[in-house]
>>> print(open('work_32.tsv').read())   # TSV, C-alpha atoms and all ligand atoms
chain	number	residue	atom	x	y	z
S	1	MET	CA	31.44	-13.68	19.52
S	2	GLU	CA	31.58	-14.24	15.80
S	3	ALA	CA	29.83	-11.61	13.69
S	4	LYS	CA	26.48	-12.67	12.37
S	5	LYS	CA	26.20	-13.40	8.70
S	6	ARG	CA	24.32	-10.92	6.61
S	7	ILE	CA	21.09	-11.51	4.76
S	8	PHE	CA	19.48	-9.31	2.15
S	9	SER	CA	16.11	-9.76	0.54
S	10	GLY	CA	13.65	-7.57	-1.28
S	11	MET	CA	9.95	-7.53	-2.02
S	12	ARG	CA	8.07	-5.40	-4.48
S	13	PRO	CA	5.53	-3.00	-2.97
S	14	THR	CA	2.27	-4.76	-3.78
S	15	GLY	CA	0.24	-3.26	-0.94
S	16	ARG	CA	-1.41	-5.50	1.64
S	17	LEU	CA	-0.05	-9.01	1.71
S	18	HIS	CA	-2.06	-12.22	1.89
S	19	LEU	CA	-1.71	-15.34	3.95
S	20	GLY	CA	0.16	-17.01	1.10
S	21	ASN	CA	2.82	-14.26	1.17
S	22	TYR	CA	3.09	-14.70	4.92
S	23	LEU	CA	3.49	-18.48	4.96
S	24	GLY	CA	5.54	-18.53	1.75
S	25	ALA	CA	8.10	-15.84	2.55
S	26	LEU	CA	7.51	-13.45	5.39
S	27	GLN	CA	7.34	-16.01	8.19
S	28	ASN	CA	10.73	-17.24	7.05
S	29	TRP	CA	12.14	-13.69	7.05
S	30	VAL	CA	10.90	-13.27	10.61
S	31	ARG	CA	12.62	-16.46	11.78
S	32	LEU	CA	15.91	-15.54	10.09
S	33	GLN	CA	16.19	-12.48	12.33
S	34	ASP	CA	17.25	-14.71	15.25
S	35	GLU	CA	20.32	-15.97	13.48
S	36	TYR	CA	21.38	-13.31	10.99
S	37	ASP	CA	21.83	-9.61	10.45
S	38	CYS	CA	18.95	-8.97	8.11
S	39	ILE	CA	18.31	-6.19	5.65
S	40	TYR	CA	14.87	-6.23	4.08
S	41	ALA	CA	14.06	-3.77	1.33
S	42	VAL	CA	10.88	-2.64	-0.34
S	43	VAL	CA	12.13	-2.58	-3.90
S	44	ASP	CA	10.13	0.31	-5.33
S	45	TRP	CA	12.47	0.83	-8.30
S	46	HIS	CA	11.91	-2.79	-9.24
S	47	ALA	CA	8.17	-2.14	-9.21
S	48	LEU	CA	8.72	0.64	-11.73
S	49	THR	CA	10.40	-1.70	-14.20
S	50	THR	CA	7.06	-3.28	-15.01
S	51	GLY	CA	4.66	-0.61	-13.75
S	52	TYR	CA	5.95	2.79	-14.73
S	53	GLU	CA	2.82	4.01	-16.51
S	54	ASP	CA	0.76	4.43	-13.37
S	55	THR	CA	2.64	5.14	-10.16
S	56	SER	CA	-0.30	6.60	-8.28
S	57	GLN	CA	-0.54	3.67	-5.85
S	58	ILE	CA	3.12	3.17	-5.10
S	59	ARG	CA	3.38	5.22	-1.89
S	60	ASP	CA	0.32	3.65	-0.37
S	61	ASN	CA	1.52	0.24	-1.44
S	62	VAL	CA	4.87	0.74	0.29
S	63	ARG	CA	3.22	1.83	3.54
S	64	GLU	CA	0.61	-0.93	3.53
S	65	MET	CA	3.20	-3.59	2.85
S	66	VAL	CA	5.59	-2.34	5.52
S	67	LEU	CA	2.72	-2.41	8.03
S	68	ASP	CA	2.21	-6.06	7.13
S	69	TRP	CA	5.94	-6.70	7.57
S	70	LEU	CA	5.73	-5.22	11.05
S	71	ALA	CA	2.53	-7.15	11.73
S	72	ALA	CA	4.32	-10.35	10.81
S	73	GLY	CA	7.05	-9.63	13.36
S	74	LEU	CA	9.86	-8.07	11.39
S	75	ASP	CA	11.62	-6.13	14.12
S	76	PRO	CA	12.94	-2.67	13.19
S	77	GLU	CA	15.31	-2.76	16.17
S	78	ARG	CA	17.09	-5.90	15.06
S	79	SER	CA	16.68	-5.74	11.29
S	80	VAL	CA	17.12	-2.98	8.77
S	81	LEU	CA	13.77	-2.28	7.10
S	82	MET	CA	14.25	0.06	4.19
S	83	VAL	CA	12.99	1.38	0.89
S	84	GLN	CA	15.31	0.82	-2.06
S	85	SER	CA	14.91	4.32	-3.50
S	86	HIS	CA	15.99	5.92	-0.21
S	87	VAL	CA	19.50	4.56	-0.61
S	88	LYS	CA	20.98	6.00	-3.80
S	89	GLN	CA	24.03	3.75	-3.58
S	90	HIS	CA	21.87	1.00	-5.12
S	91	ALA	CA	21.53	3.16	-8.25
S	92	GLU	CA	25.22	3.96	-8.43
S	93	LEU	CA	26.23	0.34	-8.06
S	94	HIS	CA	23.61	-0.66	-10.64
S	95	LEU	CA	25.19	1.72	-13.10
S	96	LEU	CA	28.73	0.52	-12.45
S	97	LEU	CA	27.76	-3.15	-12.62
S	98	SER	CA	25.87	-2.54	-15.85
S	99	MET	CA	29.23	-1.63	-17.45
S	100	VAL	CA	30.66	-5.10	-16.84
S	101	THR	CA	27.47	-7.09	-17.55
S	102	PRO	CA	27.38	-8.54	-21.07
S	103	LEU	CA	24.05	-8.03	-22.82
S	104	GLY	CA	23.74	-11.77	-23.46
S	105	TRP	CA	23.70	-12.49	-19.73
S	106	VAL	CA	20.62	-10.39	-19.05
S	107	GLU	CA	18.88	-11.44	-22.25
S	108	ARG	CA	19.05	-15.09	-21.27
S	109	VAL	CA	17.60	-14.68	-17.76
S	110	PRO	CA	14.55	-16.99	-17.93
S	111	THR	CA	12.12	-14.46	-16.41
S	112	TYR	CA	13.05	-11.87	-19.02
S	113	LYS	CA	11.60	-13.46	-22.17
S	114	GLU	CA	8.82	-15.07	-20.15
S	115	GLN	CA	7.61	-11.76	-18.76
S	116	LEU	CA	7.98	-10.04	-22.11
S	117	ARG	CA	5.55	-12.61	-23.44
S	118	GLU	CA	3.21	-12.62	-20.44
S	119	LEU	CA	2.98	-8.86	-20.12
S	120	ALA	CA	2.70	-8.30	-23.88
S	121	GLY	CA	0.95	-5.03	-24.58
S	122	ARG	CA	2.24	-3.51	-21.31
S	123	GLU	CA	5.21	-1.99	-23.20
S	124	ILE	CA	7.90	-3.39	-20.92
S	125	ALA	CA	10.47	-3.83	-23.66
S	126	THR	CA	12.43	-1.06	-21.94
S	127	TYR	CA	16.02	-0.50	-20.96
S	128	GLY	CA	14.99	-0.49	-17.30
S	129	PHE	CA	13.21	-3.82	-17.49
S	130	LEU	CA	16.16	-5.50	-19.19
S	131	GLY	CA	18.34	-4.22	-16.36
S	132	TYR	CA	16.05	-5.62	-13.66
S	133	PRO	CA	18.42	-8.41	-12.57
S	134	VAL	CA	21.44	-6.08	-12.59
S	135	LEU	CA	19.57	-3.80	-10.20
S	136	GLN	CA	18.82	-6.84	-8.05
S	137	ALA	CA	22.53	-7.74	-8.10
S	138	ALA	CA	23.35	-4.20	-6.94
S	139	ASP	CA	20.84	-4.53	-4.06
S	140	ILE	CA	22.57	-7.64	-2.80
S	141	LEU	CA	26.19	-6.71	-3.49
S	142	ALA	CA	25.92	-3.21	-1.97
S	143	TYR	CA	25.75	-4.97	1.41
S	144	LYS	CA	28.05	-7.88	0.59
S	145	ALA	CA	25.22	-10.14	1.72
S	146	GLN	CA	26.20	-13.79	2.21
S	147	TYR	CA	22.69	-15.17	1.89
S	148	VAL	CA	19.60	-14.25	-0.07
S	149	PRO	CA	16.36	-15.88	1.09
S	150	VAL	CA	14.14	-16.17	-1.98
S	151	GLY	CA	11.82	-18.60	-3.72
S	152	GLU	CA	12.75	-21.00	-6.50
S	153	ASP	CA	11.80	-18.45	-9.18
S	154	GLN	CA	14.54	-16.06	-8.06
S	155	VAL	CA	17.42	-18.55	-8.18
S	156	PRO	CA	18.56	-17.47	-11.69
S	157	HIS	CA	18.77	-13.86	-10.47
S	158	VAL	CA	21.05	-14.78	-7.58
S	159	GLU	CA	23.10	-16.94	-9.94
S	160	LEU	CA	23.51	-13.94	-12.24
S	161	THR	CA	24.50	-11.83	-9.23
S	162	ARG	CA	27.32	-14.30	-8.56
S	163	GLU	CA	28.48	-14.11	-12.16
S	164	ILE	CA	28.46	-10.32	-12.16
S	165	ALA	CA	30.41	-10.25	-8.88
S	166	ARG	CA	32.96	-12.68	-10.31
S	167	ARG	CA	33.39	-10.58	-13.43
S	168	PHE	CA	33.77	-7.38	-11.44
S	169	ASN	CA	36.37	-9.02	-9.22
S	170	HIS	CA	38.20	-10.34	-12.26
S	171	TYR	CA	38.74	-6.83	-13.60
S	172	PHE	CA	39.09	-4.84	-10.41
S	173	GLY	CA	40.20	-7.19	-7.65
S	174	PRO	CA	38.35	-9.11	-4.94
S	175	VAL	CA	35.77	-6.62	-3.65
S	176	LEU	CA	32.37	-8.26	-4.05
S	177	PRO	CA	31.68	-11.63	-2.35
S	178	GLU	CA	29.39	-14.07	-4.15
S	179	PRO	CA	26.07	-14.49	-2.34
S	180	GLU	CA	24.21	-17.77	-1.91
S	181	VAL	CA	20.51	-18.56	-2.13
S	182	LEU	CA	18.80	-19.57	1.07
S	183	LEU	CA	15.84	-21.60	-0.17
S	184	ALA	CA	12.88	-21.60	2.19
S	185	GLN	CA	10.81	-24.68	2.85
S	186	VAL	CA	7.90	-23.07	1.07
S	187	LYS	CA	4.31	-23.94	1.77
S	188	VAL	CA	2.24	-23.00	-1.24
S	189	LEU	CA	-1.21	-21.95	-0.14
S	190	PRO	CA	-4.00	-22.03	-2.72
S	191	GLY	CA	-6.62	-19.32	-2.99
S	192	ILE	CA	-10.17	-20.09	-1.86
S	193	ASP	CA	-11.07	-21.24	-5.40
S	194	GLY	CA	-8.11	-23.63	-5.61
S	195	ARG	CA	-6.05	-21.53	-8.02
S	196	LYS	CA	-2.83	-19.80	-6.98
S	197	MET	CA	-3.60	-17.29	-4.22
S	198	SER	CA	-3.50	-13.84	-5.81
S	199	LYS	CA	-5.12	-10.48	-5.30
S	200	SER	CA	-5.77	-10.27	-9.02
S	201	TYR	CA	-8.10	-13.30	-8.72
S	202	GLY	CA	-9.86	-12.01	-5.61
S	203	ASN	CA	-9.33	-15.43	-4.04
S	204	GLU	CA	-6.97	-14.32	-1.28
S	205	ILE	CA	-7.22	-14.18	2.47
S	206	PRO	CA	-5.47	-10.99	3.55
S	207	MET	CA	-2.71	-11.57	6.10
S	208	THR	CA	-4.48	-9.28	8.53
S	209	ALA	CA	-8.05	-9.90	7.32
S	210	SER	CA	-10.96	-8.68	9.44
S	211	PRO	CA	-13.15	-11.29	11.16
S	212	GLU	CA	-15.85	-10.66	8.51
S	213	GLU	CA	-13.40	-11.15	5.62
S	214	ILE	CA	-12.20	-14.37	7.20
S	215	GLN	CA	-15.75	-15.75	7.58
S	216	ARG	CA	-16.69	-14.83	4.03
S	217	GLN	CA	-13.57	-16.21	2.38
S	218	VAL	CA	-13.37	-19.42	4.39
S	219	LEU	CA	-17.07	-20.25	3.95
S	220	ASN	CA	-16.62	-19.74	0.19
S	221	MET	CA	-13.73	-22.19	-0.04
S	222	VAL	CA	-14.02	-24.87	-2.70
S	223	THR	CA	-14.54	-28.30	-1.13
S	224	ASP	CA	-14.70	-31.82	-2.56
S	225	PRO	CA	-17.05	-31.36	-5.56
S	226	ALA	CA	-18.09	-35.03	-5.40
S	227	ARG	CA	-19.50	-34.55	-1.92
S	228	ILE	CA	-23.04	-33.47	-2.71
S	229	ARG	CA	-25.05	-34.74	0.23
S	230	ARG	CA	-24.16	-34.57	3.88
S	231	HIS	CA	-23.74	-38.37	4.18
S	232	ASP	CA	-21.49	-38.68	1.10
S	233	PRO	CA	-17.93	-39.57	2.14
S	234	GLY	CA	-15.51	-36.75	1.28
S	235	HIS	CA	-12.04	-36.59	-0.21
S	236	PRO	CA	-9.96	-34.15	1.87
S	237	ASP	CA	-7.05	-34.37	-0.57
S	238	VAL	CA	-9.01	-32.38	-3.17
S	239	CYS	CA	-10.40	-29.84	-0.70
S	240	VAL	CA	-8.99	-26.33	-0.26
S	241	ALA	CA	-10.21	-26.16	3.35
S	242	HIS	CA	-8.14	-29.21	4.19
S	243	VAL	CA	-4.98	-27.59	2.78
S	244	PHE	CA	-5.59	-24.71	5.17
S	245	TYR	CA	-6.00	-27.09	8.12
S	246	GLN	CA	-2.62	-28.54	7.19
S	247	ALA	CA	-1.04	-25.11	6.89
S	248	ILE	CA	-2.25	-23.45	10.07
S	249	ALA	CA	-3.51	-26.26	12.36
S	250	SER	CA	-1.51	-29.28	11.24
S	251	GLU	CA	-2.17	-31.12	14.51
S	252	MET	CA	-5.87	-31.27	13.60
S	253	ALA	CA	-5.54	-32.08	9.92
S	254	GLY	CA	-5.45	-35.87	10.41
S	255	THR	CA	-8.63	-35.94	12.48
S	256	VAL	CA	-10.42	-33.65	10.04
S	257	ALA	CA	-9.45	-35.92	7.14
S	258	GLU	CA	-10.87	-38.98	8.98
S	259	GLU	CA	-14.13	-37.22	9.84
S	260	CYS	CA	-14.40	-36.07	6.24
S	261	LYS	CA	-13.86	-39.55	4.79
S	262	ASN	CA	-16.40	-41.05	7.22
S	263	ALA	CA	-18.93	-38.30	6.57
S	264	ALA	CA	-18.82	-37.57	10.28
S	265	VAL	CA	-18.74	-33.86	9.64
S	266	GLY	CA	-20.49	-31.67	7.06
S	267	CYS	CA	-18.60	-29.20	4.92
S	268	VAL	CA	-20.33	-26.15	6.36
S	269	GLU	CA	-19.51	-27.19	9.90
S	270	CYS	CA	-15.98	-28.12	8.90
S	271	LYS	CA	-15.40	-24.70	7.34
S	272	LYS	CA	-16.96	-22.85	10.28
S	273	ARG	CA	-14.47	-24.54	12.55
S	274	LEU	CA	-11.67	-23.64	10.14
S	275	ALA	CA	-12.79	-20.00	10.09
S	276	GLY	CA	-12.34	-19.95	13.87
S	277	LEU	CA	-8.82	-21.33	13.54
S	278	VAL	CA	-7.91	-18.82	10.82
S	279	GLU	CA	-9.22	-16.06	13.08
S	280	GLU	CA	-7.03	-17.31	15.95
S	281	PHE	CA	-4.07	-17.42	13.59
S	282	ILE	CA	-4.61	-13.94	12.19
S	283	ALA	CA	-5.77	-12.05	15.32
S	284	PRO	CA	-2.29	-11.44	16.79
S	285	LEU	CA	-1.00	-10.27	13.39
S	286	ARG	CA	-3.95	-7.92	12.99
S	287	GLU	CA	-3.47	-6.52	16.48
S	288	ARG	CA	0.21	-5.87	15.93
S	289	ARG	CA	-0.57	-4.13	12.65
S	290	GLU	CA	-3.09	-1.90	14.38
S	291	ARG	CA	-0.58	-0.94	17.06
S	292	TYR	CA	1.89	0.25	14.43
S	293	ALA	CA	-0.72	1.87	12.20
S	294	SER	CA	-2.26	3.89	15.02
S	295	GLN	CA	0.93	5.84	15.73
S	296	PRO	CA	1.20	8.68	13.23
S	297	GLY	CA	4.58	8.95	11.53
S	298	LEU	CA	5.90	5.70	12.95
S	299	VAL	CA	6.29	3.89	9.65
S	300	ARG	CA	8.12	6.88	8.20
S	301	GLU	CA	10.43	6.96	11.24
S	302	ILE	CA	11.21	3.27	10.95
S	303	LEU	CA	12.01	3.59	7.25
S	304	ASP	CA	14.16	6.71	7.78
S	305	ASP	CA	16.15	4.90	10.43
S	306	GLY	CA	16.46	1.85	8.18
S	307	ALA	CA	17.68	3.98	5.28
S	308	ASN	CA	20.30	5.67	7.48
S	309	ARG	CA	21.66	2.37	8.70
S	310	ALA	CA	21.60	0.86	5.21
S	311	ARG	CA	23.26	3.89	3.64
S	312	LYS	CA	26.29	3.59	5.92
S	313	LEU	CA	26.80	-0.03	4.98
S	314	ALA	CA	26.24	0.51	1.26
S	315	GLU	CA	28.47	3.60	1.15
S	316	ALA	CA	31.35	1.61	2.66
S	317	THR	CA	31.03	-0.90	-0.19
S	318	LEU	CA	30.73	1.83	-2.80
S	319	GLN	CA	33.92	3.48	-1.54
S	320	GLU	CA	35.74	0.22	-2.11
S	321	VAL	CA	34.15	-0.17	-5.52
S	322	ARG	CA	35.07	3.36	-6.66
S	323	GLU	CA	38.59	2.90	-5.36
S	324	ALA	CA	38.99	-0.46	-7.10
S	325	MET	CA	37.78	1.10	-10.35
S	326	ARG	CA	40.18	4.03	-9.91
S	327	LEU	CA	37.36	6.54	-10.03
S	328	TRP	CA	38.24	9.90	-8.67
T	401	LIG	N1	13.24	-9.76	-7.86
T	401	LIG	C1	12.68	-10.03	-6.57
T	401	LIG	C2	11.23	-10.53	-6.74
T	401	LIG	O1	10.59	-10.21	-7.70
T	401	LIG	C3	12.70	-8.83	-5.68
T	401	LIG	C4	14.09	-8.39	-5.38
T	401	LIG	C5	14.67	-7.23	-5.80
T	401	LIG	C6	15.04	-9.05	-4.58
T	401	LIG	N2	15.92	-7.12	-5.31
T	401	LIG	C7	16.19	-8.22	-4.57
T	401	LIG	C8	15.03	-10.27	-3.89
T	401	LIG	C9	17.34	-8.61	-3.89
T	401	LIG	C10	16.19	-10.63	-3.22
T	401	LIG	C11	17.34	-9.82	-3.22
T	401	LIG	O2	10.75	-11.20	-5.86
T	402	LIG	FE1	-13.30	-30.31	2.93
T	402	LIG	FE2	-14.05	-30.50	5.45
T	402	LIG	FE3	-15.84	-30.80	3.44
T	402	LIG	FE4	-14.00	-32.65	3.88
T	402	LIG	S1	-15.62	-32.04	5.30
T	402	LIG	S2	-14.59	-31.82	1.89
T	402	LIG	S3	-12.24	-31.44	4.55
T	402	LIG	S4	-14.70	-28.93	3.99
>>> encode(input="work_32.tsv", output="structure tokens")
Amino acid sequence: MEAKKRIFSGMRPTGRLHLGNYLGALQNWVRLQDEYDCIYAVVDWHALTTGYEDTSQIRDNVREMVLDWLAAGLDPERSVLMVQSHVKQHAELHLLLSMVTPLGWVERVPTYKEQLRELAGREIATYGFLGYPVLQAADILAYKAQYVPVGEDQVPHVELTREIARRFNHYFGPVLPEPEVLLAQVKVLPGIDGRKMSKSYGNEIPMTASPEEIQRQVLNMVTDPARIRRHDPGHPDVCVAHVFYQAIASEMAGTVAEECKNAAVGCVECKKRLAGLVEEFIAPLRERRERYASQPGLVREILDDGANRARKLAEATLQEVREAMRLW
């Protein structure tokens, strides 16, 4: 049997994930496990590049996010689930790659100037933040990953990874293969107010929300603003609830749209029914999360095992890298 191709991806430790994170990324990561050897890392050092002033939440955020990964169906038997800072080879490779990375390359990464502007006042004009994409390149190249499943916004980072690998190979011989992006067919889920779903807006539905949270958030969803009275015909295309029908119960979305346009159903009733569907969708995730969370020390064990497996792979690459660079 041919060896499976290797995948690497990383996510910053943001704590509990929401349904948008699940449908937009995590569900794809889960599916990829069937076909590939997957390494998924919580990139805690990357979180520090923009959030070094207050690190008090970082441990909790790692644990909460990993529980959501497990809840989603990432399988610690098949895949390597790890924390970036547990595998020091990432740091060593970051340092070595930084030597061959021209300053201009990192300065012209689109997210760099953008974030400097957006996070103005957060004092992120640091050495570490500038090196963010070089660290990302080290994450990927340490495992010689063939594919990197990420969203559109990360494409320039993978492109830079390829350029850094090429430059390294030019000086030191063919050691680091160039990875390719694996673009997911992303479903973008709005928050309950119609803006981008984000914890900072409070408009999210947690991936493993409680039944009460589901009821509250779904019943507060923004519907067609032109539909004032019960007998007014509605416009499902401008309704957040309808987007959710499409995302989690697509087989019903057509019927719902018809009933809406004919004023055959009221918005409250329509959203109550949706809340039931969201509950059905989330319940198995919530139950799996509870199974993992209720066993003391289990998350730590999974991450220790992941780090051990990852370290072996990364160390093999680093030995080749040191050798190619004639380090002693
Ligand atoms: N930069 C990525 C993000 O913000 C996270 C990340 C870090 C990553 N290292 C990676 C993604 C390696 C893919 C591969 O989403
Ligand atoms: Fe949205 Fe349903 Fe109301 Fe139509 S009936 S506007 S789809 S909540």
>>> residues_near_ligand(input="work_32.tsv", ligand="ligand LIG 402 (chain T)", cutoff="7 Å", atoms="only C-alpha atoms and all ligand atoms", output="ChimeraX atom specification")
/S:223-224,227,234-236,239-242,256-257,260-261,265-268,270-271
>>> closest_atom_pairs(input="work_32.tsv", of="chain S", to="ligand LIG 401 (chain T)", cutoff="10 Å", atoms="only C-alpha atoms and all ligand atoms", output="JSON lines")
{"residue": "S:Ile7", "atom": "CA", "partner": "T:LIG401", "partner_atom": "C11", "distance": 9.0}
{"residue": "S:Phe8", "atom": "CA", "partner": "T:LIG401", "partner_atom": "C11", "distance": 5.8}
{"residue": "S:Ser9", "atom": "CA", "partner": "T:LIG401", "partner_atom": "C10", "distance": 3.9}
{"residue": "S:Gly10", "atom": "CA", "partner": "T:LIG401", "partner_atom": "C6", "distance": 3.9}
{"residue": "S:Met11", "atom": "CA", "partner": "T:LIG401", "partner_atom": "C3", "distance": 4.8}
{"residue": "S:Arg12", "atom": "CA", "partner": "T:LIG401", "partner_atom": "C3", "distance": 5.9}
{"residue": "S:Pro13", "atom": "CA", "partner": "T:LIG401", "partner_atom": "C3", "distance": 9.6}
{"residue": "S:Ala25", "atom": "CA", "partner": "T:LIG401", "partner_atom": "O2", "distance": 10.0}
{"residue": "S:Ile39", "atom": "CA", "partner": "T:LIG401", "partner_atom": "C11", "distance": 9.6}
{"residue": "S:Tyr40", "atom": "CA", "partner": "T:LIG401", "partner_atom": "C11", "distance": 8.5}
{"residue": "S:Ala41", "atom": "CA", "partner": "T:LIG401", "partner_atom": "N2", "distance": 7.7}
{"residue": "S:Val42", "atom": "CA", "partner": "T:LIG401", "partner_atom": "C5", "distance": 8.1}
{"residue": "S:Val43", "atom": "CA", "partner": "T:LIG401", "partner_atom": "C5", "distance": 5.6}
{"residue": "S:Asp44", "atom": "CA", "partner": "T:LIG401", "partner_atom": "C5", "distance": 8.8}
{"residue": "S:Trp45", "atom": "CA", "partner": "T:LIG401", "partner_atom": "C5", "distance": 8.7}
{"residue": "S:His46", "atom": "CA", "partner": "T:LIG401", "partner_atom": "C5", "distance": 6.3}
{"residue": "S:Ala47", "atom": "CA", "partner": "T:LIG401", "partner_atom": "O1", "distance": 8.6}
{"residue": "S:Gln84", "atom": "CA", "partner": "T:LIG401", "partner_atom": "N2", "distance": 8.6}
{"residue": "S:Thr111", "atom": "CA", "partner": "T:LIG401", "partner_atom": "O1", "distance": 9.8}
{"residue": "S:Tyr132", "atom": "CA", "partner": "T:LIG401", "partner_atom": "N1", "distance": 7.7}
{"residue": "S:Pro133", "atom": "CA", "partner": "T:LIG401", "partner_atom": "N1", "distance": 7.1}
{"residue": "S:Val134", "atom": "CA", "partner": "T:LIG401", "partner_atom": "N2", "distance": 9.2}
{"residue": "S:Leu135", "atom": "CA", "partner": "T:LIG401", "partner_atom": "N2", "distance": 6.9}
{"residue": "S:Gln136", "atom": "CA", "partner": "T:LIG401", "partner_atom": "N2", "distance": 4.0}
{"residue": "S:Ala137", "atom": "CA", "partner": "T:LIG401", "partner_atom": "C9", "distance": 6.7}
{"residue": "S:Ala138", "atom": "CA", "partner": "T:LIG401", "partner_atom": "C9", "distance": 8.1}
{"residue": "S:Asp139", "atom": "CA", "partner": "T:LIG401", "partner_atom": "C9", "distance": 5.4}
{"residue": "S:Ile140", "atom": "CA", "partner": "T:LIG401", "partner_atom": "C9", "distance": 5.4}
{"residue": "S:Leu141", "atom": "CA", "partner": "T:LIG401", "partner_atom": "C9", "distance": 9.1}
{"residue": "S:Ala145", "atom": "CA", "partner": "T:LIG401", "partner_atom": "C11", "distance": 9.3}
{"residue": "S:Tyr147", "atom": "CA", "partner": "T:LIG401", "partner_atom": "C11", "distance": 9.1}
{"residue": "S:Val148", "atom": "CA", "partner": "T:LIG401", "partner_atom": "C10", "distance": 5.9}
{"residue": "S:Pro149", "atom": "CA", "partner": "T:LIG401", "partner_atom": "C10", "distance": 6.8}
{"residue": "S:Val150", "atom": "CA", "partner": "T:LIG401", "partner_atom": "C10", "distance": 6.0}
{"residue": "S:Gly151", "atom": "CA", "partner": "T:LIG401", "partner_atom": "O2", "distance": 7.8}
{"residue": "S:Asp153", "atom": "CA", "partner": "T:LIG401", "partner_atom": "O2", "distance": 8.0}
{"residue": "S:Gln154", "atom": "CA", "partner": "T:LIG401", "partner_atom": "N1", "distance": 6.4}
{"residue": "S:Val155", "atom": "CA", "partner": "T:LIG401", "partner_atom": "C10", "distance": 9.4}
{"residue": "S:His157", "atom": "CA", "partner": "T:LIG401", "partner_atom": "N1", "distance": 7.4}
{"residue": "S:Val158", "atom": "CA", "partner": "T:LIG401", "partner_atom": "C11", "distance": 7.6}
{"residue": "S:Thr161", "atom": "CA", "partner": "T:LIG401", "partner_atom": "C9", "distance": 9.5}
{"residue": "S:Pro179", "atom": "CA", "partner": "T:LIG401", "partner_atom": "C11", "distance": 9.9}
{"residue": "S:Val181", "atom": "CA", "partner": "T:LIG401", "partner_atom": "C10", "distance": 9.1}
>>> closest_residue(input="work_32.tsv", among="S:Ala275, S:Ala142, S:Met197, S:Ala310", to="Glu92 of chain S", atoms="only C-alpha atoms")
S:Ala142
>>> atom_distance(input="work_32.tsv", atom1="atom CA of Val218 of chain S", atom2="atom CA of Leu189 of chain S")
13.2 Å
>>> atom_distance(input="work_32.tsv", atom1="atom CA of Asp237 of chain S", atom2="atom CA of Glu204 of chain S")
20.1 Å
>>> closest_residue(input="work_32.tsv", among="S:Gly276, S:Glu152, S:Glu287, S:Pro110", to="Glu212 of chain S", atoms="only C-alpha atoms")
S:Gly276
>>> residues_around(input="work_32.tsv", residues="segment 245-248 of chain S", least_positions_apart="6", cutoff="8 Å", atoms="all atoms listed in the file", output="PyMOL selection string")
chain S and resi 187+189+274+277-278+281
>>> residues_around(input="work_32.tsv", residues="Met207 of chain S", least_positions_apart="2", cutoff="6 Å", atoms="all atoms listed in the file", output="JSON, numbers by chain")
{"S": [17, 18, 19, 209]}
>>> write_last_selection(input="work_32.tsv", atoms="C-alpha atoms", output="tab-separated table (two decimals), in the coordinates of the input")
chain	number	residue	atom	x	y	z
S	17	LEU	CA	-0.05	-9.01	1.71
S	18	HIS	CA	-2.06	-12.22	1.89
S	19	LEU	CA	-1.71	-15.34	3.95
S	209	ALA	CA	-8.05	-9.90	7.32
>>> atom_distance(input="work_32.tsv", atom1="atom CA of Leu298 of chain S", atom2="atom CA of Pro211 of chain S")
25.6 Å
>>> closest_residue(input="work_32.tsv", among="S:Glu123, S:Glu213, S:Asp75, S:Glu323", to="Arg288 of chain S", atoms="only C-alpha atoms")
S:Asp75
>>> closest_residue(input="work_32.tsv", among="S:Ala226, S:Ile124, S:Leu96, S:Leu26", to="Val238 of chain S", atoms="only C-alpha atoms")
S:Ala226
